[in-house]
Amino acid sequence: MHLNLLVLPGDGIGTEVTRQAVAVLRHVAAKWNHSLRITEGLLGGVAIHKTGTPLPPETERLAADADATLMGAVGLPEFDNVAPEKRPEKGLLGIRKLLGVYANLRPVRAYASQLDSSPLKNHLVEGTDMIIVRELTGGIYYGTPRGITENGAEVRAVNTMTYTRSEIERVARMAFSLAGSRRKKVTSVDKSNVLENSQLWRRVVTEVAREFPDIELDHILVDNCAMQLILNPRRFDVVLTENMFGDILSDEGAVLAGSIGMLPSASIGPKRPSGAWVGLYEPVHGSAPDIAGQNKANPLGAIGSVGAMLEYSFGLKKEASAVDAAIEAVLRSGRVTADLRPPGAPATTEEVGEAICAAV
Ligand code: NAD
């Protein structure tokens, strides 16, 4: 198969983990005789420095041409106090919108060998295996009106949470379809006791559920969900939620998995005529300025994102399973970065990447 992809390393540890993820992808491609075309583009703080904008038109063009996009992370502390429009993160929101990737899939698994790296008690996390499906291109991060207005001494800030029936339907269908190949349970998360937006969410999800009679559906309020994720994570199979709730809850998933550096994500859009999903793949973590440039970052989230790319964008299930199996083997070997608190000396980002290639 010919794999044509765009890589956007971004800022901070984004560049470090992406390098390892690409090395793993090259390894997989060589082993299974796939040809690779990799183009690199600018996104985030590095793009602002070089072009004045976080999502340059050239990157937009490259993303439209690629079959899949692999991203690192964006964000630099020097932009912390600038307006949202001018921040590196604007590039991230922009590319998600550009590609129309409306469903963000975040698998959260507690690997048996890593139970001790979670701050929770082993018996609570053991056996956790869920996937959070977060709506990605709607809700309060994109709704208008938005902005800050000043009126004399008073200042007012407004953000708007909006969803349409069709936006909810398509992400709900994605969640129910995924549940079909898992434990057949969808938990939809909302705040319908307070927000009209959530009332529509619950109504539409309930309607979509009728198309999937073999999938069980339950609803949970977001505040209770935050608690149940910690108290009883095994109760969840597919967790379906809107953009901001998903953003927040999936960081809780990091606690279950042991480190945010472990978590991959796949953002999926409409199907191409070829049958492949449009996909944007990235680790869940940010650019981690506190450890950037030190060869300390855990590359497994980025490497897991390559596995997801192989599966969802290219339909290469065997290759995707090989990446997952390599991650599991390396975790078992104890050759992991400092965030997973290994008993011996921690491995570097590069060493973990090399170990994964060897395991593949
Ligand atoms: P972060 O995810 O970058 O870091 C949070 C903590 O987790 C830090 O202590 C960091 O050292 C640690 N960490 C993160 N990834 C790790 C890894 N792979 N290995 C080991 N440890 C890891 O979140 P933050 O500190 O809130 O944000 C830093 C910057 O990243 C900000 O500019 C923020 O806007 C941006 N950000 C970007 C994305 C993205 O690009 N998708 C996501 C979140 C935050």
# chains A, B, ... in the order shown; residues from 1 in each chain; ligands from 1

$ residues_near_ligand --ligand "ligand 1" --cutoff "9 Å" --atoms "only C-alpha atoms and all ligand atoms" --output "PyMOL selection string"
chain A and resi 10-14+17+44+71-80+87-89+92+251+259-263+282-292+296-302+337-340+349

$ select_by_dssp --residues "region 141-252 of chain A" --states "helix (DSSP H, G or I)" --output "PyMOL selection string"
chain A and resi 141+165-180+196-209+222-231+233-235+243-252

$ residues_around --residues "Lys191 (chain A)" --least-positions-apart "4" --cutoff "12 Å" --atoms "only C-alpha atoms" --output "PyMOL selection string"
chain A and resi 195-202+219-226+241-242+244-245

$ write_last_selection --atoms "N, CA, C and O atoms" --output "CSV table (one decimal), in the first residue's frame"
chain,number,residue,atom,x,y,z
A,195,LEU,N,-28.2,22.5,31.2
A,195,LEU,CA,-28.0,23.1,29.9
A,195,LEU,C,-29.0,22.6,28.8
A,195,LEU,O,-29.1,21.3,28.6
A,196,GLU,N,-29.6,23.5,28.1
A,196,GLU,CA,-30.5,23.1,27.0
A,196,GLU,C,-29.7,22.3,25.9
A,196,GLU,O,-30.2,21.4,25.3
A,197,ASN,N,-28.5,22.8,25.8
A,197,ASN,CA,-27.6,22.2,24.8
A,197,ASN,C,-27.5,20.7,25.1
A,197,ASN,O,-27.5,19.8,24.2
A,198,SER,N,-27.3,20.3,26.4
A,198,SER,CA,-27.2,18.9,26.8
A,198,SER,C,-28.6,18.2,26.6
A,198,SER,O,-28.6,17.0,26.4
A,199,GLN,N,-29.7,18.9,26.8
A,199,GLN,CA,-31.0,18.3,26.6
A,199,GLN,C,-31.1,17.8,25.2
A,199,GLN,O,-31.6,16.7,24.9
A,200,LEU,N,-30.7,18.7,24.2
A,200,LEU,CA,-30.7,18.2,22.8
A,200,LEU,C,-29.8,17.1,22.6
A,200,LEU,O,-30.1,16.1,21.9
A,201,TRP,N,-28.6,17.1,23.2
A,201,TRP,CA,-27.6,16.1,23.1
A,201,TRP,C,-28.2,14.7,23.5
A,201,TRP,O,-28.2,13.7,22.8
A,202,ARG,N,-28.9,14.7,24.7
A,202,ARG,CA,-29.4,13.5,25.2
A,202,ARG,C,-30.6,13.0,24.3
A,202,ARG,O,-30.7,11.8,24.1
A,219,HIS,N,-27.0,7.1,30.2
A,219,HIS,CA,-26.7,8.6,30.3
A,219,HIS,C,-26.1,8.9,31.7
A,219,HIS,O,-26.6,8.3,32.7
A,220,ILE,N,-25.2,9.8,31.7
A,220,ILE,CA,-24.6,10.1,33.0
A,220,ILE,C,-24.3,11.7,33.0
A,220,ILE,O,-23.9,12.2,31.9
A,221,LEU,N,-24.5,12.3,34.1
A,221,LEU,CA,-24.2,13.7,34.1
A,221,LEU,C,-22.6,13.9,34.3
A,221,LEU,O,-22.0,13.1,34.9
A,222,VAL,N,-22.1,15.0,33.7
A,222,VAL,CA,-20.7,15.1,33.6
A,222,VAL,C,-20.0,15.1,34.9
A,222,VAL,O,-18.9,14.5,35.1
A,223,ASP,N,-20.6,15.7,35.9
A,223,ASP,CA,-20.0,15.8,37.2
A,223,ASP,C,-19.9,14.4,37.9
A,223,ASP,O,-18.8,14.0,38.4
A,224,ASN,N,-20.9,13.6,37.7
A,224,ASN,CA,-20.9,12.2,38.2
A,224,ASN,C,-19.9,11.4,37.4
A,224,ASN,O,-19.2,10.5,38.0
A,225,CYS,N,-19.8,11.7,36.1
A,225,CYS,CA,-18.9,10.9,35.3
A,225,CYS,C,-17.5,11.1,35.8
A,225,CYS,O,-16.7,10.2,35.9
A,226,ALA,N,-17.1,12.4,36.1
A,226,ALA,CA,-15.8,12.7,36.6
A,226,ALA,C,-15.5,11.8,37.8
A,226,ALA,O,-14.3,11.3,38.0
A,241,THR,N,-19.1,12.0,24.4
A,241,THR,CA,-19.4,13.3,25.0
A,241,THR,C,-19.0,14.5,24.1
A,241,THR,O,-18.4,14.3,23.1
A,242,GLU,N,-19.5,15.7,24.5
A,242,GLU,CA,-19.3,16.9,23.7
A,242,GLU,C,-17.8,17.4,23.9
A,242,GLU,O,-17.1,16.8,24.7
A,244,MET,N,-16.0,20.2,25.1
A,244,MET,CA,-15.3,20.6,26.3
A,244,MET,C,-15.3,19.5,27.4
A,244,MET,O,-14.3,19.3,28.1
A,245,PHE,N,-16.4,18.8,27.6
A,245,PHE,CA,-16.5,17.8,28.6
A,245,PHE,C,-15.4,16.7,28.3
A,245,PHE,O,-14.8,16.2,29.2

$ atom_distance --atom1 "CA of Ser177 (chain A)" --atom2 "CA of Met130 (chain A)"
14.3 Å

$ residues_around --residues "Ala308 (chain A)" --least-positions-apart "2" --cutoff "8 Å" --atoms "only C-alpha atoms" --output "PDB file with all heavy atoms, in the first residue's frame"
ATOM      1  N   PRO A 264      -2.786   7.899  23.212  1.00  0.00           N
ATOM      2  CA  PRO A 264      -2.875   8.289  21.804  1.00  0.00           C
ATOM      3  C   PRO A 264      -4.250   8.885  21.503  1.00  0.00           C
ATOM      4  O   PRO A 264      -5.171   8.751  22.306  1.00  0.00           O
ATOM      5  CB  PRO A 264      -2.732   6.955  21.070  1.00  0.00           C
ATOM      6  CG  PRO A 264      -3.338   5.963  21.999  1.00  0.00           C
ATOM      7  CD  PRO A 264      -3.145   6.495  23.403  1.00  0.00           C
ATOM      8  N   SER A 265      -4.396   9.523  20.357  1.00  0.00           N
ATOM      9  CA  SER A 265      -5.748   9.889  19.933  1.00  0.00           C
ATOM     10  C   SER A 265      -5.851   9.891  18.423  1.00  0.00           C
ATOM     11  O   SER A 265      -4.850  10.064  17.721  1.00  0.00           O
ATOM     12  CB  SER A 265      -6.176  11.237  20.508  1.00  0.00           C
ATOM     13  OG  SER A 265      -5.763  12.302  19.687  1.00  0.00           O
ATOM     14  N   ALA A 266      -7.066   9.655  17.968  1.00  0.00           N
ATOM     15  CA  ALA A 266      -7.358   9.672  16.539  1.00  0.00           C
ATOM     16  C   ALA A 266      -8.542  10.597  16.343  1.00  0.00           C
ATOM     17  O   ALA A 266      -9.547  10.462  17.035  1.00  0.00           O
ATOM     18  CB  ALA A 266      -7.731   8.264  16.077  1.00  0.00           C
ATOM     19  N   TYR A 281      -3.977  12.395  13.647  1.00  0.00           N
ATOM     20  CA  TYR A 281      -3.549  11.542  14.759  1.00  0.00           C
ATOM     21  C   TYR A 281      -2.546  12.290  15.617  1.00  0.00           C
ATOM     22  O   TYR A 281      -1.593  12.863  15.099  1.00  0.00           O
ATOM     23  CB  TYR A 281      -2.941  10.239  14.195  1.00  0.00           C
ATOM     24  CG  TYR A 281      -3.961   9.516  13.346  1.00  0.00           C
ATOM     25  CD1 TYR A 281      -4.118   9.830  11.997  1.00  0.00           C
ATOM     26  CD2 TYR A 281      -4.825   8.604  13.919  1.00  0.00           C
ATOM     27  CE1 TYR A 281      -5.117   9.211  11.234  1.00  0.00           C
ATOM     28  CE2 TYR A 281      -5.813   7.991  13.167  1.00  0.00           C
ATOM     29  CZ  TYR A 281      -5.952   8.300  11.829  1.00  0.00           C
ATOM     30  OH  TYR A 281      -6.946   7.705  11.084  1.00  0.00           O
ATOM     31  N   GLY A 304       1.432   5.227  19.739  1.00  0.00           N
ATOM     32  CA  GLY A 304       0.084   4.636  19.708  1.00  0.00           C
ATOM     33  C   GLY A 304      -0.784   5.334  18.662  1.00  0.00           C
ATOM     34  O   GLY A 304      -1.663   4.715  18.051  1.00  0.00           O
ATOM     35  N   SER A 305      -0.534   6.626  18.443  1.00  0.00           N
ATOM     36  CA  SER A 305      -1.306   7.356  17.439  1.00  0.00           C
ATOM     37  C   SER A 305      -0.981   6.849  16.033  1.00  0.00           C
ATOM     38  O   SER A 305      -1.840   6.843  15.148  1.00  0.00           O
ATOM     39  CB  SER A 305      -1.024   8.864  17.529  1.00  0.00           C
ATOM     40  OG  SER A 305      -1.316   9.327  18.837  1.00  0.00           O
ATOM     41  N   VAL A 306       0.266   6.424  15.823  1.00  0.00           N
ATOM     42  CA  VAL A 306       0.631   5.804  14.543  1.00  0.00           C
ATOM     43  C   VAL A 306      -0.142   4.492  14.361  1.00  0.00           C
ATOM     44  O   VAL A 306      -0.646   4.194  13.273  1.00  0.00           O
ATOM     45  CB  VAL A 306       2.162   5.566  14.470  1.00  0.00           C
ATOM     46  CG1 VAL A 306       2.525   4.545  13.404  1.00  0.00           C
ATOM     47  CG2 VAL A 306       2.876   6.870  14.191  1.00  0.00           C
ATOM     48  N   LEU A 310      -2.690   3.607  11.288  1.00  0.00           N
ATOM     49  CA  LEU A 310      -2.618   2.411  10.442  1.00  0.00           C
ATOM     50  C   LEU A 310      -3.984   1.736  10.381  1.00  0.00           C
ATOM     51  O   LEU A 310      -4.438   1.300   9.318  1.00  0.00           O
ATOM     52  CB  LEU A 310      -1.560   1.445  10.994  1.00  0.00           C
ATOM     53  CG  LEU A 310      -0.112   1.935  10.845  1.00  0.00           C
ATOM     54  CD1 LEU A 310       0.831   1.105  11.718  1.00  0.00           C
ATOM     55  CD2 LEU A 310       0.330   1.892   9.387  1.00  0.00           C
ATOM     56  N   GLU A 311      -4.662   1.707  11.528  1.00  0.00           N
ATOM     57  CA  GLU A 311      -5.958   1.022  11.570  1.00  0.00           C
ATOM     58  C   GLU A 311      -7.072   1.823  10.895  1.00  0.00           C
ATOM     59  O   GLU A 311      -7.760   1.325  10.013  1.00  0.00           O
ATOM     60  CB  GLU A 311      -6.332   0.736  13.036  1.00  0.00           C
ATOM     61  CG  GLU A 311      -7.693   0.078  13.133  1.00  0.00           C
ATOM     62  CD  GLU A 311      -7.991  -0.484  14.512  1.00  0.00           C
ATOM     63  OE1 GLU A 311      -7.093  -0.484  15.384  1.00  0.00           O
ATOM     64  OE2 GLU A 311      -9.145  -0.925  14.702  1.00  0.00           O
ATOM     65  N   TYR A 312      -7.252   3.079  11.312  1.00  0.00           N
ATOM     66  CA  TYR A 312      -8.442   3.815  10.859  1.00  0.00           C
ATOM     67  C   TYR A 312      -8.263   4.418   9.462  1.00  0.00           C
ATOM     68  O   TYR A 312      -9.194   4.414   8.670  1.00  0.00           O
ATOM     69  CB  TYR A 312      -8.810   4.923  11.843  1.00  0.00           C
ATOM     70  CG  TYR A 312      -9.190   4.403  13.207  1.00  0.00           C
ATOM     71  CD1 TYR A 312      -8.512   4.799  14.342  1.00  0.00           C
ATOM     72  CD2 TYR A 312     -10.236   3.492  13.362  1.00  0.00           C
ATOM     73  CE1 TYR A 312      -8.851   4.313  15.596  1.00  0.00           C
ATOM     74  CE2 TYR A 312     -10.582   3.003  14.604  1.00  0.00           C
ATOM     75  CZ  TYR A 312      -9.884   3.417  15.715  1.00  0.00           C
ATOM     76  OH  TYR A 312     -10.231   2.931  16.951  1.00  0.00           O
ATOM     77  N   SER A 313      -7.086   5.013   9.165  1.00  0.00           N
ATOM     78  CA  SER A 313      -6.955   5.661   7.853  1.00  0.00           C
ATOM     79  C   SER A 313      -6.568   4.682   6.761  1.00  0.00           C
ATOM     80  O   SER A 313      -6.910   4.874   5.611  1.00  0.00           O
ATOM     81  CB  SER A 313      -5.930   6.800   7.901  1.00  0.00           C
ATOM     82  OG  SER A 313      -6.525   7.952   8.433  1.00  0.00           O
ATOM     83  N   ALA A 320      -1.323  -2.418  12.775  1.00  0.00           N
ATOM     84  CA  ALA A 320      -1.725  -1.667  13.975  1.00  0.00           C
ATOM     85  C   ALA A 320      -1.591  -2.545  15.219  1.00  0.00           C
ATOM     86  O   ALA A 320      -1.096  -2.109  16.267  1.00  0.00           O
ATOM     87  CB  ALA A 320      -3.164  -1.180  13.826  1.00  0.00           C
TER      88      ALA A 320
END

$ decode --residues "region 88-116 of chain A" --atoms "N, CA, C and O atoms" --output "short mmCIF file (atom, residue, chain, number, x, y, z; two decimals), in the first residue's frame"
data_model
loop_
_atom_site.label_atom_id
_atom_site.label_comp_id
_atom_site.auth_asym_id
_atom_site.auth_seq_id
_atom_site.Cartn_x
_atom_site.Cartn_y
_atom_site.Cartn_z
N PRO A 88 -0.49 29.59 19.47
CA PRO A 88 -0.22 28.37 18.70
C PRO A 88 -1.43 27.44 18.66
O PRO A 88 -1.70 26.79 17.65
N GLU A 89 -2.20 27.38 19.77
CA GLU A 89 -3.34 26.46 19.86
C GLU A 89 -4.41 26.78 18.82
O GLU A 89 -5.21 25.92 18.46
N LYS A 90 -4.42 28.01 18.32
CA LYS A 90 -5.38 28.39 17.28
C LYS A 90 -5.11 27.53 16.02
O LYS A 90 -6.04 27.19 15.28
N GLY A 91 -3.85 27.20 15.80
CA GLY A 91 -3.49 26.35 14.64
C GLY A 91 -4.10 24.97 14.77
O GLY A 91 -4.58 24.37 13.80
N LEU A 92 -4.10 24.47 16.00
CA LEU A 92 -4.65 23.14 16.28
C LEU A 92 -6.16 23.11 16.01
O LEU A 92 -6.69 22.23 15.32
N LEU A 93 -6.85 24.12 16.55
CA LEU A 93 -8.31 24.19 16.34
C LEU A 93 -8.58 24.37 14.84
O LEU A 93 -9.52 23.78 14.29
N GLY A 94 -7.72 25.16 14.19
CA GLY A 94 -7.91 25.44 12.76
C GLY A 94 -7.76 24.19 11.91
O GLY A 94 -8.58 23.95 11.01
N ILE A 95 -6.77 23.37 12.19
CA ILE A 95 -6.56 22.20 11.33
C ILE A 95 -7.65 21.15 11.57
O ILE A 95 -8.10 20.47 10.64
N ARG A 96 -8.13 21.05 12.82
CA ARG A 96 -9.24 20.12 13.08
C ARG A 96 -10.46 20.54 12.27
O ARG A 96 -11.15 19.72 11.66
N LYS A 97 -10.73 21.83 12.27
CA LYS A 97 -11.90 22.36 11.56
C LYS A 97 -11.70 22.16 10.05
O LYS A 97 -12.61 21.73 9.34
N LEU A 98 -10.49 22.48 9.57
CA LEU A 98 -10.20 22.37 8.14
C LEU A 98 -10.44 20.95 7.62
O LEU A 98 -11.04 20.74 6.57
N LEU A 99 -9.97 19.96 8.39
CA LEU A 99 -10.11 18.57 7.94
C LEU A 99 -11.50 18.02 8.24
O LEU A 99 -11.86 16.94 7.79
N GLY A 100 -12.27 18.77 9.03
CA GLY A 100 -13.64 18.31 9.36
C GLY A 100 -13.63 17.07 10.25
O GLY A 100 -14.55 16.26 10.19
N VAL A 101 -12.58 16.91 11.06
CA VAL A 101 -12.50 15.72 11.92
C VAL A 101 -13.37 15.95 13.16
O VAL A 101 -13.00 16.64 14.09
N TYR A 102 -14.55 15.38 13.14
CA TYR A 102 -15.55 15.72 14.15
C TYR A 102 -15.56 14.76 15.34
O TYR A 102 -16.21 15.03 16.34
N ALA A 103 -14.86 13.64 15.23
CA ALA A 103 -14.88 12.70 16.36
C ALA A 103 -13.45 12.41 16.81
O ALA A 103 -12.61 12.01 16.01
N ASN A 104 -13.19 12.66 18.08
CA ASN A 104 -11.85 12.42 18.63
C ASN A 104 -11.92 11.17 19.50
O ASN A 104 -12.65 11.12 20.48
N LEU A 105 -11.18 10.15 19.08
CA LEU A 105 -11.21 8.85 19.77
C LEU A 105 -10.00 8.74 20.68
O LEU A 105 -8.86 8.86 20.21
N ARG A 106 -10.24 8.55 21.97
CA ARG A 106 -9.13 8.47 22.92
C ARG A 106 -9.21 7.17 23.71
O ARG A 106 -9.94 7.09 24.71
N PRO A 107 -8.49 6.16 23.29
CA PRO A 107 -8.50 4.91 24.06
C PRO A 107 -7.76 5.09 25.38
O PRO A 107 -6.72 5.75 25.42
N VAL A 108 -8.31 4.53 26.44
CA VAL A 108 -7.65 4.57 27.75
C VAL A 108 -7.58 3.14 28.26
O VAL A 108 -8.61 2.51 28.50
N ARG A 109 -6.36 2.62 28.39
CA ARG A 109 -6.20 1.24 28.88
C ARG A 109 -5.23 1.24 30.04
O ARG A 109 -4.22 1.93 30.00
N ALA A 110 -5.55 0.47 31.05
CA ALA A 110 -4.59 0.30 32.15
C ALA A 110 -3.81 -0.98 31.85
O ALA A 110 -4.35 -2.08 31.98
N TYR A 111 -2.58 -0.85 31.39
CA TYR A 111 -1.76 -2.03 31.10
C TYR A 111 -1.36 -2.69 32.43
O TYR A 111 -0.96 -1.98 33.37
N ALA A 112 -1.45 -4.02 32.45
CA ALA A 112 -1.17 -4.74 33.71
C ALA A 112 0.21 -4.36 34.27
O ALA A 112 0.37 -4.17 35.48
N SER A 113 1.20 -4.20 33.38
CA SER A 113 2.56 -3.94 33.87
C SER A 113 2.71 -2.52 34.43
O SER A 113 3.72 -2.20 35.04
N GLN A 114 1.72 -1.66 34.18
CA GLN A 114 1.87 -0.25 34.60
C GLN A 114 0.95 0.14 35.74
O GLN A 114 0.80 1.31 36.05
N LEU A 115 0.30 -0.85 36.37
CA LEU A 115 -0.69 -0.50 37.40
C LEU A 115 -0.07 0.36 38.49
O LEU A 115 -0.69 1.27 39.01
N ASP A 116 1.19 0.09 38.82
CA ASP A 116 1.82 0.84 39.90
C ASP A 116 2.10 2.29 39.53
O ASP A 116 2.34 3.12 40.40
#
